[in-house]
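K.L.:
Provided herewith is a single structure, encoded as structure tokens, for subsequent inquiry.
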Amino acid sequence: MNKFITLVFFMLLVSCSDSSVMQPFDQSQKPAEVNVKGYSKPDVLQLRLNGAPVSINGNTSYTNKIETKLEFVLDEGETDRLGIYNTETGLEIARYNLTYHNINDYKTLNFFNLPGIFLQASAVKPQVNLGKVGFEFIFPNLGEYSGTSLTGVKGVLKRENGAILAEFDPIGKKDFTPVKIYSFFSSTAPVYLELYKPGTEAPYNNGSEVIRVKIKQDMGANLIVLQEKMVNGVFTVVGEIDVADYL
């Protein structure tokens, strides 16, 4: 009798053990929060989370300042997709794959969607006193046409006569430089930004000629986006977009 009871107990124990092995564990979950701080002009945009339009103040399409907080739950092993779309063309401008392990990288999502460029960076217009000029620079597509692997360049801002106004080292791809301020001297005379490898006087693209970018200066703050381009088959760098105009 005792042997029979022991056998039954052993069979039940094995059965329970097998059952627990076969049952899948619940996936780990955690709350996610993404603070969107964007700007778009003139295009009208739409945010979509896993394909569903995001409503901001009752609207599912928006322009100018675009700010909202997204709150949702992430499952370990799964990917949530946040996309930014042009509502007129339907084209996806940017996509972010959000996961259980990388969500902390997207606590704040900054962007500027401007004519000819989608800039993933934050920008704050610096305080510049009357009669002064302030410059900040960013170079998001550094290497696209030059082929350089550099993550930043040195910029020397000069007057047309060669006098140095300010130096920026480095000018990077992800963030605007700290502001440099000098006294305003002309509403018509341009300034020039020469670009070098960091800490050197050598052109950053390994060429023999100095890379010189003509920059329009406005009194007050100037937040210039540098862009590599190919114009008629010739490599060049331009600084035509001033984010300060949109702040």
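Residue names in the structure tokens use chain letters A, B, ... in the order shown, residue numbers from 1 in each chain, and ligand numbers from 1 in the order shown.
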Where does DSSP see helix (DSSP H, G or I) in region 7-246 of chain A, if you list the residues as a list in words?
P.N.:
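Residues meeting the helix (DSSP H, G or I) criterion: Leu7, Val8, Phe9, Phe10, Met11, Leu12, Leu13, Val14, Ser15, Cys16, Ser17, Asp18, Ser19, Ser20, Val21, Met22, Ile103, Asn104, Asp105, Tyr106, Val243, Ala244, Asp245 and Tyr246 of chain A.
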K.L.:
How would the residues just picked look written out with N, CA, C and O atoms as a tab-separated table (two decimals), in the first residue's frame?
P.N.:
chain	number	residue	atom	x	y	z
A	7	LEU	N	4.18	5.64	-5.43
A	7	LEU	CA	4.19	5.65	-6.90
A	7	LEU	C	3.24	6.72	-7.45
A	7	LEU	O	3.58	7.46	-8.38
A	8	VAL	N	2.04	6.81	-6.87
A	8	VAL	CA	1.06	7.81	-7.31
A	8	VAL	C	1.61	9.20	-7.09
A	8	VAL	O	1.51	10.09	-7.94
A	9	PHE	N	2.23	9.46	-5.92
A	9	PHE	CA	2.80	10.78	-5.60
A	9	PHE	C	3.90	11.14	-6.61
A	9	PHE	O	3.99	12.28	-7.09
A	10	PHE	N	4.73	10.13	-6.94
A	10	PHE	CA	5.83	10.37	-7.89
A	10	PHE	C	5.28	10.72	-9.27
A	10	PHE	O	5.78	11.64	-9.94
A	11	MET	N	4.20	10.02	-9.69
A	11	MET	CA	3.60	10.29	-11.00
A	11	MET	C	2.99	11.68	-11.04
A	11	MET	O	3.10	12.40	-12.04
A	12	LEU	N	2.36	12.10	-9.97
A	12	LEU	CA	1.78	13.44	-9.89
A	12	LEU	C	2.87	14.51	-9.94
A	12	LEU	O	2.72	15.55	-10.59
A	13	LEU	N	3.97	14.25	-9.25
A	13	LEU	CA	5.08	15.20	-9.23
A	13	LEU	C	5.67	15.37	-10.61
A	13	LEU	O	5.92	16.49	-11.06
A	14	VAL	N	5.87	14.26	-11.33
A	14	VAL	CA	6.40	14.33	-12.69
A	14	VAL	C	5.44	15.06	-13.60
A	14	VAL	O	5.83	15.88	-14.43
A	15	SER	N	4.13	14.78	-13.45
A	15	SER	CA	3.12	15.42	-14.28
A	15	SER	C	3.12	16.92	-14.09
A	15	SER	O	3.07	17.69	-15.03
A	16	CYS	N	3.21	17.37	-12.82
A	16	CYS	CA	3.23	18.80	-12.53
A	16	CYS	C	4.49	19.45	-13.08
A	16	CYS	O	4.45	20.56	-13.61
A	17	SER	N	5.61	18.73	-12.96
A	17	SER	CA	6.87	19.27	-13.45
A	17	SER	C	6.82	19.46	-14.96
A	17	SER	O	7.21	20.49	-15.48
A	18	ASP	N	6.29	18.44	-15.67
A	18	ASP	CA	6.20	18.54	-17.13
A	18	ASP	C	5.28	19.66	-17.54
A	18	ASP	O	5.52	20.39	-18.50
A	19	SER	N	4.15	19.83	-16.81
A	19	SER	CA	3.19	20.87	-17.12
A	19	SER	C	3.81	22.25	-16.99
A	19	SER	O	3.59	23.11	-17.82
A	20	SER	N	4.64	22.43	-15.94
A	20	SER	CA	5.25	23.74	-15.72
A	20	SER	C	6.28	24.04	-16.81
A	20	SER	O	6.46	25.18	-17.19
A	21	VAL	N	6.94	23.00	-17.32
A	21	VAL	CA	7.92	23.21	-18.36
A	21	VAL	C	7.24	23.62	-19.65
A	21	VAL	O	7.72	24.48	-20.39
A	22	MET	N	6.08	23.02	-19.94
A	22	MET	CA	5.39	23.28	-21.19
A	22	MET	C	4.74	24.66	-21.21
A	22	MET	O	4.49	25.23	-22.26
A	103	ILE	N	14.44	51.82	-25.43
A	103	ILE	CA	13.45	52.90	-25.27
A	103	ILE	C	14.04	54.11	-24.55
A	103	ILE	O	13.63	55.26	-24.81
A	104	ASN	N	15.03	53.90	-23.70
A	104	ASN	CA	15.63	55.04	-22.99
A	104	ASN	C	16.35	56.00	-23.94
A	104	ASN	O	16.56	57.17	-23.60
A	105	ASP	N	16.71	55.52	-25.13
A	105	ASP	CA	17.35	56.38	-26.13
A	105	ASP	C	16.36	57.31	-26.79
A	105	ASP	O	16.75	58.24	-27.51
A	106	TYR	N	15.07	57.08	-26.57
A	106	TYR	CA	14.03	57.87	-27.24
A	106	TYR	C	13.11	58.58	-26.24
A	106	TYR	O	11.96	58.88	-26.57
A	243	VAL	N	18.01	77.66	-38.81
A	243	VAL	CA	16.92	77.17	-37.96
A	243	VAL	C	16.33	78.28	-37.11
A	243	VAL	O	15.16	78.24	-36.73
A	244	ALA	N	17.13	79.31	-36.83
A	244	ALA	CA	16.63	80.44	-36.02
A	244	ALA	C	15.43	81.11	-36.67
A	244	ALA	O	14.60	81.71	-35.98
A	245	ASP	N	15.31	81.00	-37.98
A	245	ASP	CA	14.17	81.60	-38.68
A	245	ASP	C	12.86	80.91	-38.32
A	245	ASP	O	11.78	81.46	-38.57
A	246	TYR	N	12.95	79.72	-37.73
A	246	TYR	CA	11.74	78.93	-37.43
A	246	TYR	C	11.46	78.84	-35.93
A	246	TYR	O	10.52	78.17	-35.54
K.L.:
DSSP on the backbone: what in region 19-237 of chain A comes out strand (DSSP E), as a VMD selection string?
P.N.:
chain A and resid 29 to 49 52 to 53 62 to 75 79 to 86 92 to 99 108 to 114 117 to 119 132 to 138 152 to 158 164 to 172 180 to 183 191 to 196 211 to 215 220 to 231 234 to 237
K.L.:
For region 108-120 of chain A, work out the shell of residues within 7 Å, counting only C-alpha atoms and skipping chain neighbours fewer than 2 positions away, then give it as a short mmCIF file (atom, residue, chain, number, x, y, z; two decimals) with C-alpha atoms, in the first residue's frame.
P.N.:
data_model
loop_
_atom_site.label_atom_id
_atom_site.label_comp_id
_atom_site.auth_asym_id
_atom_site.auth_seq_id
_atom_site.Cartn_x
_atom_site.Cartn_y
_atom_site.Cartn_z
CA VAL A 34 8.36 59.34 -25.70
CA ASN A 35 8.30 63.13 -25.58
CA VAL A 36 8.01 64.42 -29.15
CA LYS A 37 9.29 67.96 -29.77
CA GLY A 38 9.20 68.74 -33.46
CA TYR A 39 8.64 71.44 -36.02
CA SER A 40 7.56 71.29 -39.65
CA LYS A 41 7.12 74.04 -42.22
CA TYR A 106 14.03 57.87 -27.24
CA SER A 122 17.17 69.99 -30.60
#
K.L.:
Show me, as a list in words, the residues that have an atom within 10 Å of Val210 (chain A) when counting only C-alpha atoms, minus same-chain residues fewer than 5 positions from it.
P.N.:
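So, after excluding close chain neighbours, the residues are Glu194, Leu195, Tyr196, Glu201, Ala202, Pro203, Tyr204 and Asn205 of chain A.
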K.L.:
With only C-alpha atoms as the counted atoms, please give the residues lying no more than 10 Å from Tyr100 (chain A), apart from itself and same-chain residues fewer than 6 positions off, as a list of chain:residue names.
P.N.:
A:Ser28, A:Gln29, A:Lys30, A:Pro31, A:Ala32, A:Val73, A:Leu74, A:Asp75, A:Glu76, A:Gly77, A:Glu78, A:Thr79, A:Asp80
K.L.:
From the options A:Val231, A:Leu47, A:Ile56, A:Val153, which residue's atoms come nearest to Ile84 (chain A), counting only C-alpha atoms?
P.N.:
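Checking each of A:Val231, A:Leu47, A:Ile56, A:Val153 against Ile84 (chain A), counting only C-alpha atoms, the winner is A:Leu47.
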K.L.:
Region 172-177 of chain A: which residues within 7 Å, counting only C-alpha atoms, same-chain residues fewer than 4 positions away excluded, as a PyMOL selection string?
P.N.:
chain A and resi 121+136-142+151-153
K.L.:
Of the candidates A:Thr60, A:Gln46, A:Gln227, A:Ser183, which shows the shortest atom-to-atom distance to Gly134 (chain A), using only C-alpha atoms?
P.N.:
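With only C-alpha atoms as the atom set, the closest residue is A:Ser183.
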K.L.:
Select, from A:Val124, A:Leu82, A:Leu226, A:Val191, the residue with the minimum atom-to-atom distance to Leu157 (chain A), counting only C-alpha atoms.
P.N.:
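Among the listed residues, the smallest separation from Leu157 (chain A) belongs to A:Val191.
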K.L.:
Take CA of Ile171 (chain A) and CA of Pro198 (chain A) and report the distance between them in Å, one decimal.
P.N.:
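Separation between CA of Ile171 (chain A) and CA of Pro198 (chain A): 8.9 Å.
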K.L.:
Quick one, how far is CA of Thr148 (chain A) from CA of Glu240 (chain A)?
P.N.:
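Pair CA of Thr148 (chain A) / CA of Glu240 (chain A) returns 21.5 Å.
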K.L.:
Excluding Arg48 (chain A) and its own-chain neighbours fewer than 5 positions away, which residues fall within 6 Å of it when counting only C-alpha atoms? Please give them as a PDB file with N, CA, C and O atoms, in the first residue's frame.
P.N.:
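Everything below was put into selection.pdb:
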ATOM      1  N   PRO A  53      -2.576  56.466 -36.591  1.00  0.00           N
ATOM      2  CA  PRO A  53      -2.282  57.899 -36.478  1.00  0.00           C
ATOM      3  C   PRO A  53      -2.339  58.379 -35.026  1.00  0.00           C
ATOM      4  O   PRO A  53      -3.196  57.951 -34.251  1.00  0.00           O
ATOM      5  N   VAL A  54      -1.411  59.252 -34.683  1.00  0.00           N
ATOM      6  CA  VAL A  54      -1.360  59.835 -33.331  1.00  0.00           C
ATOM      7  C   VAL A  54      -2.143  61.138 -33.345  1.00  0.00           C
ATOM      8  O   VAL A  54      -1.906  62.014 -34.191  1.00  0.00           O
ATOM      9  N   LEU A  82       7.458  53.771 -34.597  1.00  0.00           N
ATOM     10  CA  LEU A  82       6.953  55.135 -34.669  1.00  0.00           C
ATOM     11  C   LEU A  82       7.439  55.748 -35.980  1.00  0.00           C
ATOM     12  O   LEU A  82       8.647  55.815 -36.230  1.00  0.00           O
ATOM     13  N   GLY A  83       6.508  56.169 -36.812  1.00  0.00           N
ATOM     14  CA  GLY A  83       6.864  56.741 -38.109  1.00  0.00           C
ATOM     15  C   GLY A  83       6.390  58.174 -38.235  1.00  0.00           C
ATOM     16  O   GLY A  83       5.396  58.572 -37.623  1.00  0.00           O
TER      17      GLY A  83
END
K.L.:
How far is it from CA of Phe72 (chain A) to CA of Glu88 (chain A), in Å with one decimal?
P.N.:
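We find that CA of Phe72 (chain A) and CA of Glu88 (chain A) lie 27.7 Å from each other.
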